[in-house]
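*Asks:* Below are the structure tokens for one structure; questions will follow.
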Amino acid sequence: MMLLEMAAEGFGDRVAIGSADGGLTYRGLFNKAGAASERFRSGDNTHVAMADLSSVALPISLFGAAWAGLPFVPLNYRLTDEELSALTTRVSPAVVVVDPDDPDRLAGHAGIDVIERHRLLDLVCGVEPPDPDWTMTGEDTAIVLFTSGTTGQPKAAVLRHRHLVSYVLGSVEFMQASEDDAALVSVPPYHVAGIAAILSNVYAGRRVVQLPTFDAADWVALVRAESVTSAMVVPTMLTRIVGFLDSEGPDGPGLPTLRSLSYGGGRMPLPTICRALELLPTTAFVNAYGLTETSSTVALLGPDDHREAMASAKPTIRARLGSAGRPLPAIEITIRDDLGDEVPIGVPGEIWVRGEQVSGEYRDSPPRLTDDGWFLTHDGGWVDADGFLHVTGRIDDVIVKGGQNISPSEIEESLLGHEAVADAAAIGLPDRQWGERIVAAVVLHPGGAATADELRSTVRDRLRSNRTPDHVEFVAALPYNDTGKLLRRVLRADLAHLGDGSTA
Amino acid sequence: MSDLKPGSRFASSVCSTQVIVVKGAGEVDLRCGGVPMVPAETGAGDGVSADGASDGTLLGKRYVDPDETVEVLCTRPGDGSLSIGDMLLDLKDAKPLPSSD
């Protein structure tokens with residue numbers, strides 16, 4: 001709230017959200033957040049949740065929740081109705097802003113106060129806001145984000161106001177944007193980058209343009225129509241954008257207004273970033289590495305690093321193109337071995353992160369922090385001689401496909417539910433388009449029969465379509481160690497030929 | 001004396017100035033308008049700035065001591081100047097990072 005109040009005071013007439021002509025100003029956003037807070041406070045709600053696409057209702061609800069002193073909980077609207085109500089129940093009693101195209105998803109649950117997006121927007125239209133009467137402190141919870149961990153049950157990560165404010169003050173300057181800057185946000189609200197984008201751009205005074213459902217042609221059209229100057233994408237989006245720009249041919253109009261493009265949220269295929277650098281010669285590229293639990297970005301590879309790496313013939317410099325760059329000034333990063341000891345330069349281990357913006361706390365499980373404040377990311381990585389961080393992937397085998405974390409255990413359980421399946425393992429293998437593709441290794445019962453397509457539809461029917469294995473490989477047995485633990489690394493090596501060989 | 005830690009907020013006793021601590025910890029004689037600041041919850045004051053401490057604060061600007069061991073950010077502007085004891089804080093040059101959002 002402090003950030004928005006500063007923006008409303010400092011540049012209240014600038015457009016915060018929407019088109020340069022007719023969008024919502026910072027003063028307008030402040031007033032609507034105040035009006036929304038009154039609605040959110042009614043009843044005995046303890047949280048403000050949102051199961052909806054990006055829209056102007058997102059910043060209104062985000063700041064309105066803070067004004068009302070309630071945590072904001074952006075939910076993944078792609079979940080099944082059952083999964084969505086299970087998560088919502090964990091934060092009830094709650095008011096939930098929902099997509100008007102699908103208003104009945106959460107109907108009939110006790111403690112869930114549903115409001116459709118357009119009703120909320122009508123309600124806050126032209127209403128005088130209450131006097132600024134928020135009482136939150138830095139310790140209060142600002143955001144609860146459900147992350148999908150290795151176990152099927154999503155964990156509720158907690159970000160307090162002090163974490164988010166530290167992140168913004170540590171990485172953004174007040175009103176650093178000029179009046180004609182515009183940022184295009186195409187990541188969904190339930191991704192930490194979607195929340196960070198709102199906060200950073202509000203504080204910077206940069207107009208935000210939203211693309212609720214990503215499509216490469218729409219994204220490019222919006223950059224051109226709104227004269228967008230900066231954007232953040234996940235690797236899968238960039239691959240598609242590059243493909244679209246290539247389809248326009250060498251004489252296509254390009255993206256001349258786009259001064260800055262940042263990416264993060266998974267493995268970036270090297271061919272994609274190299275082609276993007278060629279197609280957008282005047283754009284500054286930024287690779288950001290961060291996690292939900294660290295309030296988004298903790299390390300970044302800046303524009304000069306990109307161009308230097310691209311132009312260099314030295315393999316060590318060129319390899320930086322696949323790195324996450326250096327830690328932010330307010331962040332410390334260390335690489336530790338299994339015993340928690342720091343490893344020498346160049347040696348891989350687990351990435352540990354420390355800083356004021358780092359939370360590492362969860363609602364229903366103990367914090368993943370050491371006594372001296374280090375957060376264990378469960379990401380593997382190493383640091384080179386010049387301090388560039390190379391992230392190698394989740395230590396705990398989560399498959400990251402198209403920026404979405406997918407727990408192998410969900411897929412395995414679902415496959416094991418098929419009567420012909422004796423054993424199953426799901427792994428991620430390199431994929432140029434998606435970062436990783438899902439490959440399932442399946443052992444059939446003696447005499448059991450099932451086709452790959454049959455097993456794929458088994459998973460699709462029980463889970464969501466993005467959980468469906470891209471490939472099912474029938475094997476005689478899965479590799480286990482002597483304590484019965486599945487050796488995913490061995491399996492990954494055995495099946496490496498089923499990836500496309502791309503390396504980030 | 002004010003007990004500083006990153007994220008703690010202080011209000012002026014003499015004007016509308018409010019700040020949030022970005023860097024620095026421990027007991028510091030943080031003043032605005034020459035008069036010790038108070039925790040922000042206590043509210044803004046209506047006293048009078050001491051001589052030489054009334055150049056004012058600017059919204060969104062960062063102020064640091066010469067060693068840059070203490071950094072505060074102005075969240076509400078006012079007429080008083082920020083100091084530690086009698087030593088005025090300097091306006092810090094903004095060095096924005098490349099945007100990652």
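By order in the structure tokens, chains are A, B, ...; within a chain, residues start at 1; ligands start at 1, following the order shown.
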With only C-alpha atoms as the counted atoms, please give the residues lying no more than 10 Å from range 318-322 of chain A, apart from itself and same-chain residues fewer than 6 positions off, as a list in words.

*Replies:* Arg267, Met268, Pro269, Leu270, Ile273, Cys274, Asn287, Leu301, Asp305, His306, Arg307, Glu308, Ala309, Met310, Ala311, Ser312, Asp384, Asp386, Phe388, Leu389, His390, Val391, Thr392, Thr503 and Ala504 of chain A

*Asks:* As a PyMOL selection string, please: every residue in range 253-424 of chain A that a backbone DSSP assignment puts in alpha helix (DSSP H).

*Replies:* chain A and resi 270-279+303-311+315-318+408-416

*Asks:* Could you list, as an mmCIF file with N, CA, C and O atoms, in the first residue's frame, every residue of chain A that has an atom within 7 Å of an atom of chain B, counting only C-alpha atoms?

*Replies:*
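New file out24.cif:
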data_model
loop_
_atom_site.group_PDB
_atom_site.id
_atom_site.type_symbol
_atom_site.label_atom_id
_atom_site.label_comp_id
_atom_site.auth_asym_id
_atom_site.auth_seq_id
_atom_site.Cartn_x
_atom_site.Cartn_y
_atom_site.Cartn_z
ATOM 1 N N MET A 6 2.624 6.101 -2.629
ATOM 2 C CA MET A 6 3.700 6.948 -3.156
ATOM 3 C C MET A 6 3.459 7.244 -4.634
ATOM 4 O O MET A 6 3.649 8.368 -5.097
ATOM 5 N N GLY A 10 3.036 10.765 -6.171
ATOM 6 C CA GLY A 10 4.131 11.237 -7.009
ATOM 7 C C GLY A 10 3.734 11.469 -8.451
ATOM 8 O O GLY A 10 4.240 12.378 -9.106
ATOM 9 N N GLY A 138 5.084 -4.498 8.359
ATOM 10 C CA GLY A 138 5.950 -5.318 7.511
ATOM 11 C C GLY A 138 5.811 -6.801 7.786
ATOM 12 O O GLY A 138 6.028 -7.632 6.909
ATOM 13 N N ARG A 162 7.147 -6.955 4.242
ATOM 14 C CA ARG A 162 8.565 -6.545 4.285
ATOM 15 C C ARG A 162 9.385 -7.240 3.192
ATOM 16 O O ARG A 162 10.343 -6.662 2.683
ATOM 17 N N SER A 171 15.475 -3.218 -6.052
ATOM 18 C CA SER A 171 15.704 -3.419 -7.485
ATOM 19 C C SER A 171 15.099 -2.344 -8.379
ATOM 20 O O SER A 171 15.387 -2.314 -9.571
ATOM 21 N N VAL A 172 14.265 -1.464 -7.826
ATOM 22 C CA VAL A 172 13.590 -0.466 -8.660
ATOM 23 C C VAL A 172 13.785 0.915 -8.041
ATOM 24 O O VAL A 172 13.827 1.052 -6.825
ATOM 25 N N GLU A 173 13.899 1.960 -8.892
ATOM 26 C CA GLU A 173 13.912 3.335 -8.399
ATOM 27 C C GLU A 173 12.535 3.959 -8.600
ATOM 28 O O GLU A 173 11.879 3.726 -9.623
ATOM 29 N N PHE A 174 12.120 4.742 -7.602
ATOM 30 C CA PHE A 174 10.831 5.412 -7.669
ATOM 31 C C PHE A 174 10.762 6.261 -8.935
ATOM 32 O O PHE A 174 11.680 7.012 -9.239
ATOM 33 N N ALA A 193 6.063 -13.910 -10.719
ATOM 34 C CA ALA A 193 6.479 -12.848 -11.638
ATOM 35 C C ALA A 193 5.312 -11.939 -12.015
ATOM 36 O O ALA A 193 5.501 -10.756 -12.299
ATOM 37 N N ALA A 196 5.103 -9.620 -8.990
ATOM 38 C CA ALA A 196 6.264 -8.729 -8.972
ATOM 39 C C ALA A 196 6.139 -7.669 -10.063
ATOM 40 O O ALA A 196 6.518 -6.508 -9.861
ATOM 41 N N ALA A 197 5.592 -8.051 -11.213
ATOM 42 C CA ALA A 197 5.460 -7.108 -12.325
ATOM 43 C C ALA A 197 4.546 -5.943 -11.944
ATOM 44 O O ALA A 197 4.827 -4.785 -12.269
ATOM 45 N N SER A 200 6.550 -3.761 -9.135
ATOM 46 C CA SER A 200 7.712 -3.030 -9.664
ATOM 47 C C SER A 200 7.292 -1.911 -10.601
ATOM 48 O O SER A 200 7.829 -0.807 -10.546
ATOM 49 N N MET A 232 8.057 -9.072 -19.916
ATOM 50 C CA MET A 232 8.642 -10.238 -19.256
ATOM 51 C C MET A 232 7.942 -11.469 -19.806
ATOM 52 O O MET A 232 6.716 -11.491 -19.900
ATOM 53 N N SER A 262 12.725 -9.166 -20.612
ATOM 54 C CA SER A 262 13.303 -10.058 -19.609
ATOM 55 C C SER A 262 12.603 -11.402 -19.665
ATOM 56 O O SER A 262 11.449 -11.503 -20.087
ATOM 57 N N VAL A 286 17.300 -9.365 -20.556
ATOM 58 C CA VAL A 286 17.592 -9.607 -19.144
ATOM 59 C C VAL A 286 17.082 -10.997 -18.779
ATOM 60 O O VAL A 286 15.916 -11.307 -19.003
ATOM 61 N N ALA A 288 16.261 -13.306 -15.725
ATOM 62 C CA ALA A 288 16.058 -13.188 -14.282
ATOM 63 C C ALA A 288 15.846 -14.568 -13.676
ATOM 64 O O ALA A 288 15.072 -15.365 -14.192
ATOM 65 N N GLY A 302 22.383 -9.275 -17.289
ATOM 66 C CA GLY A 302 21.957 -8.002 -17.874
ATOM 67 C C GLY A 302 22.192 -7.900 -19.370
ATOM 68 O O GLY A 302 22.774 -8.799 -19.986
#

*Asks:* Could you go through range 97-324 of chain A and tell me which residues DSSP, when run on the backbone, assigns to strand (DSSP E), listing them as a PyMOL selection string?

*Replies:* chain A and resi 97-98+112-116+141-147+155-160+182-185+207-210+230-233+260-263+284-291+296-301

*Asks:* List the spatial neighbours of Val28 in chain B as a list in words - criterion: any atom at most 9 Å away, only C-alpha atoms, same-chain residues fewer than 2 positions off excluded.

*Replies:*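 Selected residues are Met1, Ser2, Asp3, Leu4, Gly24, Ala25, Gly26, Leu30, Ile84 and Gly85 of chain B.
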
*Asks:* Which residues, written as an MDAnalysis selection string, have at least one atom at most 8 Å from Gly499 in chain A, with only C-alpha atoms counted and residues fewer than 5 positions away on the same chain left out?

*Replies:* chainID A and resid 429:431 437

*Asks:* Quick one: residues within 6 Å of Ala440 in chain A, only C-alpha atoms, excluding same-chain residues fewer than 3 positions away - as a list in words?

*Replies:* Ala425, Ala426 and Val472 of chain A

*Asks:* Could the residues in this selection be written to a file with C-alpha atoms, as an mmCIF file, in the first residue's frame?

*Replies:*
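What landed in again-v2.cif:
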data_model
loop_
_atom_site.group_PDB
_atom_site.id
_atom_site.type_symbol
_atom_site.label_atom_id
_atom_site.label_comp_id
_atom_site.auth_asym_id
_atom_site.auth_seq_id
_atom_site.Cartn_x
_atom_site.Cartn_y
_atom_site.Cartn_z
ATOM 1 C CA ALA A 425 8.396 -43.089 -13.591
ATOM 2 C CA ALA A 426 7.991 -39.649 -15.157
ATOM 3 C CA VAL A 472 5.540 -43.201 -23.162
#

*Asks:* For Ala8 in chain A, please output as a PyMOL selection string all residues within 12 Å (counting only C-alpha atoms; exclusion window: fewer than 6 positions along the same chain).

*Replies:* (chain A and resi 1-2+14-16+24-33+174-175+202-205) or (chain B and resi 59-60+75-76)

*Asks:* Residues at most 9 Å from Pro479 in chain A, counting only C-alpha atoms, excluding those fewer than 4 positions away in the same chain, as an NGL selection string?

*Replies:* :A and (485-488 or 490-491)

*Asks:* Kindly export the residues of the current selection with C-alpha atoms, as a CSV table (one decimal), in the first residue's frame.

*Replies:*
chain,number,residue,atom,x,y,z
A,485,LYS,CA,15.0,-45.4,-4.2
A,486,LEU,CA,14.3,-44.7,-7.9
A,487,LEU,CA,17.5,-43.5,-9.6
A,488,ARG,CA,16.0,-40.8,-11.8
A,490,VAL,CA,20.1,-43.1,-14.3
A,491,LEU,CA,16.8,-43.2,-16.0

*Asks:* Report the distance between CA of Arg460 in chain A and CA of Leu416 in chain A in Å, rounded to one decimal place.

*Replies:*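 A separation of 13.6 Å between them.
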
*Asks:* Which distance in Å separates CA of Pro100 in chain A and CA of Tyr190 in chain A, to one decimal?

*Replies:*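 For CA of Pro100 in chain A relative to CA of Tyr190 in chain A, the distance reads 17.8 Å.
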
*Asks:* Using only C-alpha atoms, which of the listed residues (A:Glu356, A:Gly194, A:Val73, A:Asp251) sits closest to Ala231 in chain A?

*Replies:* A:Gly194
